[in-house]
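Dropping run04.pdb in here (PDB, C-alpha atoms):
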MODEL        1
ATOM      1  CA  MET X 127      34.598  29.061  41.361
ATOM      2  CA  ILE X 128      31.956  31.151  39.711
ATOM      3  CA  LYS X 129      30.705  34.083  41.742
ATOM      4  CA  ARG X 130      27.069  34.847  41.572
ATOM      5  CA  HIS X 131      25.984  38.340  42.282
ATOM      6  CA  SER X 132      22.466  38.593  43.504
ATOM      7  CA  ARG X 133      20.907  41.710  42.199
ATOM      8  CA  ILE X 134      17.746  43.108  43.556
ATOM      9  CA  PRO X 135      15.688  44.553  40.754
ATOM     10  CA  ALA X 136      15.692  48.335  40.756
ATOM     11  CA  ALA X 137      11.891  48.420  40.777
ATOM     12  CA  LEU X 138      11.804  46.403  43.996
ATOM     13  CA  VAL X 139      14.295  48.757  45.646
ATOM     14  CA  LEU X 140      12.194  51.722  44.538
ATOM     15  CA  VAL X 141       9.001  50.186  45.948
ATOM     16  CA  ALA X 142      10.752  49.443  49.257
ATOM     17  CA  ALA X 143      12.088  53.016  49.445
ATOM     18  CA  ILE X 144       8.642  54.475  48.775
ATOM     19  CA  ALA X 145       7.071  52.227  51.409
ATOM     20  CA  LEU X 146       9.713  53.204  53.950
ATOM     21  CA  ALA X 147       9.185  56.890  53.172
ATOM     22  CA  GLY X 148       5.437  56.423  53.668
ATOM     23  CA  VAL X 149       5.956  54.812  57.067
ATOM     24  CA  TYR X 150       8.312  57.643  58.049
ATOM     25  CA  LEU X 151       5.814  60.343  56.975
ATOM     26  CA  PHE X 152       2.980  58.594  58.804
ATOM     27  CA  ALA X 153       5.024  58.429  62.023
ATOM     28  CA  TRP X 154       6.141  62.061  61.631
ATOM     29  CA  ASN X 155       2.538  63.202  61.128
ATOM     30  CA  ARG X 156       1.368  61.366  64.246
ATOM     31  CA  LEU X 157       4.170  62.882  66.303
ATOM     32  CA  ALA X 158       3.439  66.384  64.981
ATOM     33  CA  ARG X 159      -0.275  66.016  65.734
ATOM     34  CA  ALA X 160       0.451  64.737  69.244
ATOM     35  CA  GLN X 161       2.724  67.709  69.938
ATOM     36  CA  THR X 162       0.175  70.155  68.536
ATOM     37  CA  SER X 163      -2.588  68.555  70.581
ATOM     38  CA  SER X 164      -0.433  68.681  73.707
ATOM     39  CA  ARG X 165       0.313  72.387  73.165
ATOM     40  CA  ALA X 166      -3.366  73.124  72.612
ATOM     41  CA  LEU X 167      -4.252  71.230  75.780
ATOM     42  CA  ASP X 168      -1.628  73.209  77.720
ATOM     43  CA  GLN X 169      -3.008  76.500  76.384
ATOM     44  CA  LEU X 170      -6.578  75.562  77.310
ATOM     45  CA  GLU X 171      -5.482  74.484  80.791
ATOM     46  CA  SER X 172      -3.700  77.840  81.207
ATOM     47  CA  LEU X 173      -6.885  79.724  80.350
ATOM     48  CA  ILE X 174      -8.883  77.575  82.755
ATOM     49  CA  ALA X 175      -6.324  78.030  85.569
ATOM     50  CA  ALA X 176      -6.380  81.798  84.997
ATOM     51  CA  GLY X 177     -10.159  81.813  85.419
ATOM     52  CA  ARG X 178     -10.719  83.035  81.861
ATOM     53  CA  ALA X 179     -12.629  80.030  80.577
ATOM     54  CA  ASP X 180     -16.093  80.454  79.138
ATOM     55  CA  ALA X 181     -18.319  77.643  77.873
ATOM     56  CA  ALA X 182     -16.532  77.549  74.505
ATOM     57  CA  ILE X 183     -13.147  77.078  76.211
ATOM     58  CA  TRP X 184     -14.483  74.275  78.383
ATOM     59  CA  ASP X 185     -16.019  72.641  75.298
ATOM     60  CA  ALA X 186     -12.704  72.880  73.402
ATOM     61  CA  TYR X 187     -10.907  71.448  76.440
ATOM     62  CA  GLY X 188     -13.360  68.553  76.517
ATOM     63  CA  GLN X 189     -12.755  67.881  72.838
ATOM     64  CA  LYS X 190      -8.979  67.720  73.347
ATOM     65  CA  LEU X 191      -9.423  65.355  76.276
ATOM     66  CA  GLN X 192     -11.809  63.246  74.219
ATOM     67  CA  GLU X 193      -9.221  63.015  71.408
ATOM     68  CA  LEU X 194      -6.834  61.619  74.016
ATOM     69  CA  LYS X 195      -9.537  59.138  75.134
ATOM     70  CA  ARG X 196      -9.722  60.700  78.597
ATOM     71  CA  TYR X 197     -13.476  60.390  78.561
ATOM     72  CA  ASP X 198     -14.198  60.984  82.265
ATOM     73  CA  ARG X 199     -12.345  64.287  82.214
ATOM     74  CA  ALA X 200     -13.872  65.228  78.852
ATOM     75  CA  VAL X 201     -17.399  64.672  80.174
ATOM     76  CA  ALA X 202     -16.549  66.730  83.267
ATOM     77  CA  ALA X 203     -15.328  69.554  80.999
ATOM     78  CA  TYR X 204     -18.532  69.420  78.952
ATOM     79  CA  HIS X 205     -20.581  69.533  82.161
ATOM     80  CA  LYS X 206     -18.614  72.604  83.249
ATOM     81  CA  ALA X 207     -19.401  74.239  79.898
ATOM     82  CA  LEU X 208     -23.074  73.428  80.441
ATOM     83  CA  GLU X 209     -23.000  74.886  83.967
ATOM     84  CA  ILE X 210     -21.817  78.157  82.450
ATOM     85  CA  GLU X 211     -24.129  78.025  79.435
ATOM     86  CA  PRO X 212     -26.856  75.358  79.811
ATOM     87  CA  LEU X 213     -27.959  75.555  76.169
ATOM     88  CA  HIS X 214     -24.469  75.323  74.637
ATOM     89  CA  ARG X 215     -25.231  73.062  71.654
ATOM     90  CA  ASP X 216     -21.663  71.995  70.942
ATOM     91  CA  ALA X 217     -21.043  70.946  74.543
ATOM     92  CA  ARG X 218     -24.317  69.002  74.574
ATOM     93  CA  PHE X 219     -23.388  67.286  71.311
ATOM     94  CA  HIS X 220     -19.804  66.476  72.291
ATOM     95  CA  CYS X 221     -20.860  65.248  75.720
ATOM     96  CA  ALA X 222     -23.262  62.741  74.172
ATOM     97  CA  ILE X 223     -20.563  61.358  71.886
ATOM     98  CA  ALA X 224     -18.044  61.149  74.763
ATOM     99  CA  LEU X 225     -20.547  59.248  76.908
ATOM    100  CA  VAL X 226     -21.115  56.755  74.103
ATOM    101  CA  GLU X 227     -17.381  56.370  73.483
ATOM    102  CA  MET X 228     -16.685  55.720  77.154
ATOM    103  CA  GLY X 229     -19.381  53.053  77.150
ATOM    104  CA  ASP X 230     -21.625  54.541  79.836
ATOM    105  CA  ARG X 231     -25.033  53.613  78.441
ATOM    106  CA  GLU X 232     -26.975  54.786  81.487
ATOM    107  CA  ALA X 233     -25.409  58.256  81.463
ATOM    108  CA  THR X 234     -25.847  58.383  77.682
ATOM    109  CA  PHE X 235     -29.531  57.561  78.043
ATOM    110  CA  ILE X 236     -30.069  60.238  80.705
ATOM    111  CA  HIS X 237     -28.208  62.823  78.615
ATOM    112  CA  MET X 238     -30.187  61.931  75.490
ATOM    113  CA  ARG X 239     -33.472  61.948  77.409
ATOM    114  CA  ASP X 240     -32.708  65.463  78.618
ATOM    115  CA  LEU X 241     -31.833  66.497  75.062
ATOM    116  CA  VAL X 242     -35.129  65.183  73.716
ATOM    117  CA  ILE X 243     -36.884  67.458  76.195
ATOM    118  CA  GLY X 244     -34.629  70.508  75.756
ATOM    119  CA  ASP X 245     -33.436  70.303  72.136
ATOM    120  CA  PRO X 246     -35.222  67.542  70.223
ATOM    121  CA  LYS X 247     -33.650  68.502  66.883
ATOM    122  CA  LEU X 248     -30.153  68.085  68.328
ATOM    123  CA  ALA X 249     -31.202  64.756  69.859
ATOM    124  CA  GLU X 250     -32.585  63.630  66.501
ATOM    125  CA  ASP X 251     -29.337  64.635  64.773
ATOM    126  CA  LEU X 252     -27.303  62.743  67.366
ATOM    127  CA  PHE X 253     -29.370  59.591  66.967
ATOM    128  CA  GLU X 254     -28.467  59.629  63.268
ATOM    129  CA  ARG X 255     -24.725  59.602  64.028
ATOM    130  CA  PRO X 256     -22.804  56.349  63.503
ATOM    131  CA  GLU X 257     -21.572  56.477  67.108
ATOM    132  CA  MET X 258     -25.154  56.086  68.316
ATOM    133  CA  ARG X 259     -26.053  53.035  66.204
ATOM    134  CA  ALA X 260     -25.122  50.502  68.892
ATOM    135  CA  CYS X 261     -27.315  52.316  71.415
ATOM    136  CA  LEU X 262     -30.309  52.135  69.094
ATOM    137  CA  ALA X 263     -30.260  48.344  69.420
ATOM    138  CA  GLU X 264     -31.700  48.866  72.904
ATOM    139  CA  ALA X 265     -35.458  49.409  72.987
ATOM    140  CA  ARG X 266     -35.236  52.378  75.347
ATOM    141  CA  PHE X 267     -32.906  54.259  72.968
ATOM    142  CA  ALA X 268     -35.025  53.349  69.940
ATOM    143  CA  ALA X 269     -38.124  54.713  71.686
ATOM    144  CA  LEU X 270     -36.236  57.855  72.643
ATOM    145  CA  ALA X 271     -35.085  58.333  69.042
ATOM    146  CA  LYS X 272     -38.701  58.081  67.843
ATOM    147  CA  GLU X 273     -39.757  60.618  70.461
ATOM    148  CA  ALA X 274     -36.947  62.963  69.365
ATOM    149  CA  HIS X 275     -38.152  62.679  65.777
ATOM    150  CA  VAL X 276     -41.762  63.487  66.744
ATOM    151  CA  GLN X 277     -40.729  66.396  68.963
ATOM    152  CA  ALA X 278     -38.359  67.792  66.318
ATOM    153  CA  MET X 279     -41.221  67.958  63.827
ATOM    154  CA  ASP X 280     -43.239  70.270  66.084
TER
ENDMDL
END
Take the structure I supplied and represent it as structure tokens, if you would.
Amino acid sequence: MIKRHSRIPAALVLVAAIALAGVYLFAWNRLARAQTSSRALDQLESLIAAGRADAAIWDAYGQKLQELKRYDRAVAAYHKALEIEPLHRDARFHCAIALVEMGDREATFIHMRDLVIGDPKLAEDLFERPEMRACLAEARFAALAKEAHVQAMD
């Protein structure tokens, strides 16, 4: 009987090893980011619990929650930031994006309408974001975007 040895070409083994290493690094990166994000969230929650949170802390907290797709809590955090500092641009911006991402078109419209009145340039910038494109398909958002553009020019 003749024995046949199947040999896998060295190049194929190398490609498989590289692919496996890539998958491992990708998984490791995701785990490291999740742990870092969790630690950051814990630190922000500690500052909030200690009563040492200003608008910037609440905005950062909202961003972390938004990364975790906890949109309701993120929007609440942005609203808290805006209670403390009503003209906080970052909180206004992040809140608009969170409202779009959570799919609440009515709340998004109200938020954007208020922005057109209070900060038309920020509203105009937001309407140019890719996240807002789906909203612009609705006539009321398109009209609001035009109004933001006109007001921003003044």
Where does the PyMOL selection byres ((chain X and resi 184-196) around 10) land in this file, that is, which residues does it pick, as a PyMOL selection string? chain X and resi 160+163-164+166-171+173-174+179-183+197-208+210+214-221+223-225+227-228
Using the chain letters and numbers from the file, give me the residues hit by the PyMOL selection byres ((chain X and resi 233-245) around 9), as a PyMOL selection string. chain X and resi 213+215+218+221-226+229-232+246-250+252-253+261+266-267+270-271+273-275+277-278
Length of the atom CA of Pro256 of chain X to atom CA of Lys272 of chain X vector [Å]: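 Going from atom CA of Pro256 of chain X over to atom CA of Lys272 of chain X, I get 16.6 Å.
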Please measure the separation of atom CA of Ala260 of chain X and atom CA of Glu211 of chain X, giving the value in Å to one decimal.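 For atom CA of Ala260 of chain X relative to atom CA of Glu211 of chain X, the distance reads 29.5 Å.
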To one decimal place in Å, what is the distance between atom CA of Arg255 of chain X and atom CA of Ala269 of chain X?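 Separation of atom CA of Arg255 of chain X and atom CA of Ala269 of chain X: 16.2 Å.
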How would segment 162-180 of chain X look written as a CSV table (one decimal), in the first residue's frame with N, CA and C atoms?
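Wrote part-v7.csv, looks like this:
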chain,number,residue,atom,x,y,z
X,162,THR,N,-12.5,49.9,28.7
X,162,THR,CA,-12.2,51.3,28.8
X,162,THR,C,-13.5,52.1,28.9
X,163,SER,N,-14.4,51.8,28.1
X,163,SER,CA,-15.7,52.6,28.1
X,163,SER,C,-16.4,52.3,29.4
X,164,SER,N,-16.4,51.1,29.9
X,164,SER,CA,-17.1,50.8,31.1
X,164,SER,C,-16.4,51.6,32.3
X,165,ARG,N,-15.1,51.6,32.3
X,165,ARG,CA,-14.4,52.4,33.4
X,165,ARG,C,-14.7,53.9,33.3
X,166,ALA,N,-14.8,54.4,32.1
X,166,ALA,CA,-15.1,55.8,31.9
X,166,ALA,C,-16.5,56.1,32.4
X,167,LEU,N,-17.4,55.2,32.0
X,167,LEU,CA,-18.8,55.4,32.5
X,167,LEU,C,-18.9,55.3,34.0
X,168,ASP,N,-18.2,54.4,34.6
X,168,ASP,CA,-18.1,54.3,36.1
X,168,ASP,C,-17.6,55.6,36.7
X,169,GLN,N,-16.5,56.2,36.1
X,169,GLN,CA,-15.9,57.4,36.6
X,169,GLN,C,-16.9,58.6,36.5
X,170,LEU,N,-17.6,58.7,35.4
X,170,LEU,CA,-18.6,59.7,35.2
X,170,LEU,C,-19.7,59.6,36.2
X,171,GLU,N,-20.2,58.4,36.4
X,171,GLU,CA,-21.3,58.1,37.3
X,171,GLU,C,-20.9,58.5,38.7
X,172,SER,N,-19.6,58.3,39.1
X,172,SER,CA,-19.1,58.6,40.4
X,172,SER,C,-19.1,60.2,40.6
X,173,LEU,N,-18.7,60.9,39.5
X,173,LEU,CA,-18.7,62.3,39.6
X,173,LEU,C,-20.2,62.9,39.8
X,174,ILE,N,-21.1,62.2,39.0
X,174,ILE,CA,-22.5,62.7,39.1
X,174,ILE,C,-23.0,62.4,40.5
X,175,ALA,N,-22.8,61.2,41.0
X,175,ALA,CA,-23.3,60.8,42.3
X,175,ALA,C,-22.7,61.7,43.4
X,176,ALA,N,-21.5,62.2,43.2
X,176,ALA,CA,-20.9,63.0,44.2
X,176,ALA,C,-21.4,64.5,44.1
X,177,GLY,N,-22.2,64.7,43.1
X,177,GLY,CA,-22.7,66.1,42.9
X,177,GLY,C,-21.7,67.1,42.3
X,178,ARG,N,-20.7,66.5,41.6
X,178,ARG,CA,-19.6,67.4,41.0
X,178,ARG,C,-19.7,67.4,39.5
X,179,ALA,N,-20.9,67.2,39.0
X,179,ALA,CA,-21.1,67.2,37.5
X,179,ALA,C,-21.5,68.5,37.0
X,180,ASP,N,-20.8,69.1,36.1
X,180,ASP,CA,-21.2,70.3,35.4
X,180,ASP,C,-21.7,69.8,34.0
